[in-house]
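For reference, the structure is listed below as structure tokens.
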Amino acid sequence: MHKEEVFKVKLKGEIPSSYVRVIGSGTLGKIYRVKIEFDLTPSVKKWLSAFRSRTLKLEDAEGTSDFYQGWEGRQIAYRNALKNLVLVDAKRQLSSKPLKIKGDILLKGNPEFNVGAGRYYCRVYGWVNIVDVVTYD
């Protein structure tokens, strides 16, 4: 059962700029920072309720890529971390390797990036809500 592994990620949606309010902005050293807030739409509230209604466990995972790939390497490490987050949660919930998993990821905080031994490392924390599973059975 050798199947090519495919991992697809897409955003659930975008927040309209009219929903975003700037709370504060300013510089600290050479870094310009902006703090914003936004009101949740009814559809976003409904989506978030799925993560509160089930007993989802906060998981963490790490992804890596080669440092020589430059900025693209950070994106690859981030993508690998998301994929590993799904795999960690799937191993906890499923008894056998599935053919296909479909669901949602809710991240806690920002991804953490580090560089070491010629590699980018990205760590993410989040919840995985598995919606659909197709098995080999």
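Labeling convention for the structure tokens: chains A, B, ... as they appear, residues from 1 per chain, ligands from 1 in order of appearance.
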Task: Within 10 Å of A:Val124 using only C-alpha atoms, minus same-chain residues under 3 positions, as a list in words - done: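 Listing them by chain and then by number gives Glu59, Asp60, Ala61, Glu62, Gly63, Tyr78, Ala81, Leu82, Asn84, Leu85, Leu107, Lys108, Gly109, Asn110, Pro111, Glu112 and Phe113 of chain A.
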Could you write those residues out with N, CA and C atoms, as a CSV table (one decimal), in the first residue's frame?
```csv
chain,number,residue,atom,x,y,z
A,59,GLU,N,-1.7,19.9,21.2
A,59,GLU,CA,-0.6,19.1,20.8
A,59,GLU,C,0.5,20.1,20.3
A,60,ASP,N,1.7,19.5,20.3
A,60,ASP,CA,2.8,20.3,19.7
A,60,ASP,C,3.6,19.5,18.7
A,61,ALA,N,4.2,20.1,17.7
A,61,ALA,CA,4.9,19.4,16.7
A,61,ALA,C,6.0,20.3,16.1
A,62,GLU,N,7.0,19.6,15.5
A,62,GLU,CA,8.1,20.4,15.0
A,62,GLU,C,8.4,20.0,13.5
A,63,GLY,N,8.8,20.9,12.7
A,63,GLY,CA,9.1,20.7,11.3
A,63,GLY,C,10.5,21.3,11.1
A,78,TYR,N,7.7,25.3,8.5
A,78,TYR,CA,6.3,25.6,9.0
A,78,TYR,C,5.3,24.6,8.5
A,81,ALA,N,5.8,21.3,10.1
A,81,ALA,CA,5.3,21.3,11.5
A,81,ALA,C,3.8,21.2,11.5
A,82,LEU,N,3.1,21.8,10.6
A,82,LEU,CA,1.6,21.6,10.5
A,82,LEU,C,1.3,20.2,10.2
A,84,ASN,N,3.1,17.5,10.7
A,84,ASN,CA,3.4,16.7,11.9
A,84,ASN,C,2.4,16.8,13.0
A,85,LEU,N,1.8,18.0,13.2
A,85,LEU,CA,0.8,18.3,14.2
A,85,LEU,C,-0.4,17.4,13.9
A,107,LEU,N,-4.3,27.0,15.7
A,107,LEU,CA,-3.0,27.2,16.3
A,107,LEU,C,-3.1,28.0,17.5
A,108,LYS,N,-2.3,27.8,18.5
A,108,LYS,CA,-2.2,28.6,19.7
A,108,LYS,C,-0.9,29.4,19.6
A,109,GLY,N,-1.0,30.7,19.6
A,109,GLY,CA,0.2,31.5,19.5
A,109,GLY,C,0.8,31.5,18.1
A,110,ASN,N,2.0,32.0,18.1
A,110,ASN,CA,2.8,32.1,16.8
A,110,ASN,C,3.7,30.9,16.7
A,111,PRO,N,4.1,30.5,15.5
A,111,PRO,CA,5.1,29.5,15.3
A,111,PRO,C,6.4,30.0,15.8
A,112,GLU,N,7.2,29.1,16.4
A,112,GLU,CA,8.6,29.4,16.9
A,112,GLU,C,9.6,28.9,16.0
A,113,PHE,N,10.5,29.8,15.5
A,113,PHE,CA,11.5,29.4,14.5
A,113,PHE,C,12.9,29.5,15.2
```
With a distance cut-off of 8 Å and only C-alpha atoms, select the neighbouring residues of A:Arg74, excluding the residue or stretch itself and same-chain residues fewer than 6 positions from it, and output the selection as a PDB file with all heavy atoms, in the first residue's frame.
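Okay, result_35.pdb is ready:
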```
ATOM      1  N   SER A  65      13.699  22.067   7.872  1.00  0.00           N
ATOM      2  CA  SER A  65      14.112  22.183   6.472  1.00  0.00           C
ATOM      3  C   SER A  65      15.556  22.657   6.450  1.00  0.00           C
ATOM      4  O   SER A  65      16.094  23.099   7.469  1.00  0.00           O
ATOM      5  CB  SER A  65      13.220  23.149   5.703  1.00  0.00           C
ATOM      6  OG  SER A  65      13.451  24.469   6.133  1.00  0.00           O
ATOM      7  N   PHE A 113      10.474  29.785  15.489  1.00  0.00           N
ATOM      8  CA  PHE A 113      11.529  29.404  14.548  1.00  0.00           C
ATOM      9  C   PHE A 113      12.887  29.480  15.220  1.00  0.00           C
ATOM     10  O   PHE A 113      13.157  30.402  15.986  1.00  0.00           O
ATOM     11  CB  PHE A 113      11.527  30.340  13.327  1.00  0.00           C
ATOM     12  CG  PHE A 113      10.352  30.126  12.418  1.00  0.00           C
ATOM     13  CD1 PHE A 113       9.225  30.915  12.517  1.00  0.00           C
ATOM     14  CD2 PHE A 113      10.383  29.124  11.459  1.00  0.00           C
ATOM     15  CE1 PHE A 113       8.141  30.722  11.675  1.00  0.00           C
ATOM     16  CE2 PHE A 113       9.309  28.920  10.616  1.00  0.00           C
ATOM     17  CZ  PHE A 113       8.182  29.720  10.719  1.00  0.00           C
ATOM     18  N   TYR A 120      16.514  24.902   9.563  1.00  0.00           N
ATOM     19  CA  TYR A 120      15.458  25.685  10.196  1.00  0.00           C
ATOM     20  C   TYR A 120      14.608  24.717  11.020  1.00  0.00           C
ATOM     21  O   TYR A 120      14.307  23.612  10.574  1.00  0.00           O
ATOM     22  CB  TYR A 120      14.534  26.342   9.167  1.00  0.00           C
ATOM     23  CG  TYR A 120      15.078  27.580   8.527  1.00  0.00           C
ATOM     24  CD1 TYR A 120      15.402  27.607   7.178  1.00  0.00           C
ATOM     25  CD2 TYR A 120      15.238  28.749   9.251  1.00  0.00           C
ATOM     26  CE1 TYR A 120      15.876  28.751   6.572  1.00  0.00           C
ATOM     27  CE2 TYR A 120      15.714  29.904   8.661  1.00  0.00           C
ATOM     28  CZ  TYR A 120      16.031  29.901   7.323  1.00  0.00           C
ATOM     29  OH  TYR A 120      16.504  31.029   6.737  1.00  0.00           O
ATOM     30  N   TYR A 121      14.210  25.138  12.205  1.00  0.00           N
ATOM     31  CA  TYR A 121      13.307  24.370  13.049  1.00  0.00           C
ATOM     32  C   TYR A 121      12.096  25.236  13.336  1.00  0.00           C
ATOM     33  O   TYR A 121      12.232  26.411  13.681  1.00  0.00           O
ATOM     34  CB  TYR A 121      13.978  23.978  14.372  1.00  0.00           C
ATOM     35  CG  TYR A 121      15.116  23.016  14.198  1.00  0.00           C
ATOM     36  CD1 TYR A 121      16.411  23.472  13.990  1.00  0.00           C
ATOM     37  CD2 TYR A 121      14.897  21.645  14.233  1.00  0.00           C
ATOM     38  CE1 TYR A 121      17.461  22.587  13.812  1.00  0.00           C
ATOM     39  CE2 TYR A 121      15.945  20.752  14.068  1.00  0.00           C
ATOM     40  CZ  TYR A 121      17.217  21.229  13.860  1.00  0.00           C
ATOM     41  OH  TYR A 121      18.251  20.350  13.677  1.00  0.00           O
ATOM     42  N   CYS A 122      10.926  24.667  13.186  1.00  0.00           N
ATOM     43  CA  CYS A 122       9.684  25.390  13.468  1.00  0.00           C
ATOM     44  C   CYS A 122       8.840  24.538  14.407  1.00  0.00           C
ATOM     45  O   CYS A 122       8.602  23.357  14.135  1.00  0.00           O
ATOM     46  CB  CYS A 122       8.916  25.656  12.177  1.00  0.00           C
ATOM     47  SG  CYS A 122       7.328  26.460  12.457  1.00  0.00           S
TER      48      CYS A 122
END
```
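Among A:Leu48, A:Arg79, A:Asp132, A:Ser53, the residue with the shortest atom-to-atom distance to A:Gly103, counting only C-alpha atoms, is A:Asp132.
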Open item on the list: Ranking A:Glu37, A:Asp104, A:Glu5, A:Glu72 by minimum distance to A:Ala50 and counting only C-alpha atoms, which one comes first?
Closed with: A:Asp104
- [ ] Write out as a list of chain:residue names each polymer residue whose atoms come within 9 Å of A:Ile15, counting only C-alpha atoms; drop sequence neighbours fewer than 3 positions from it.
- [x]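 Skipping anything fewer than 3 positions along the chain leaves A:Ser18, A:Tyr19, A:Val20, A:Phe38, A:Leu40, A:Thr41.
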Open item on the list: I want to know what sits within 9 Å of A:Ile23, based on only C-alpha atoms, with residues of the same chain fewer than 4 positions away left out; could you give that as a list of chain:residue names?
Closed with: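 Within the cut-off, the hits are A:Val34, A:Lys35, A:Ile36, A:Glu37.
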Open item on the list: From a backbone DSSP assignment, name each residue in chain A labelled strand (DSSP E or B), as a ChimeraX atom specification.
Closed with: /A:20-28,31-38,59-66,100-107,112-116,119-134
TODO: Go ahead and compute the interatomic distance for atom CA of A:Gln69 and atom CA of A:Lys83, in Å to one decimal.
DONE: 19.3 Å
Open item on the list: If we count only C-alpha atoms and set the cut-off at 12 Å, which residues sit around A:Leu99, ignoring sequence neighbours fewer than 5 positions away in its own chain? Please answer as a VMD selection string.
Closed with: chain A and resid 1 to 7 90 94 132 to 137
Residue subset to file, keeping C-alpha atoms, as a PDB file, in the first residue's frame:
```pdb
ATOM      1  CA  MET A   1       0.000   0.000   0.000  1.00  0.00           C
ATOM      2  CA  HIS A   2       2.602   2.498  -1.071  1.00  0.00           C
ATOM      3  CA  LYS A   3       0.778   5.773  -1.575  1.00  0.00           C
ATOM      4  CA  GLU A   4       2.331   9.164  -2.139  1.00  0.00           C
ATOM      5  CA  GLU A   5       1.820  11.375   0.903  1.00  0.00           C
ATOM      6  CA  VAL A   6      -0.040  14.580   0.055  1.00  0.00           C
ATOM      7  CA  PHE A   7      -0.601  17.383   2.560  1.00  0.00           C
ATOM      8  CA  ALA A  90      -4.050  11.183  14.242  1.00  0.00           C
ATOM      9  CA  LEU A  94      -6.706   6.363  15.210  1.00  0.00           C
ATOM     10  CA  ASP A 132     -13.445  12.905   8.085  1.00  0.00           C
ATOM     11  CA  VAL A 133     -11.279   9.773   7.988  1.00  0.00           C
ATOM     12  CA  VAL A 134     -10.963   7.323   5.107  1.00  0.00           C
ATOM     13  CA  THR A 135      -9.223   4.053   6.018  1.00  0.00           C
ATOM     14  CA  TYR A 136      -7.858   1.166   3.969  1.00  0.00           C
ATOM     15  CA  ASP A 137     -10.542  -1.193   5.352  1.00  0.00           C
TER      16      ASP A 137
END
```
Open item on the list: I need the residues of stretch 43-95 of chain A that end up classed as alpha helix (DSSP H) by DSSP on the backbone, written out as a PyMOL selection string.
Closed with: chain A and resi 43-53+71-93
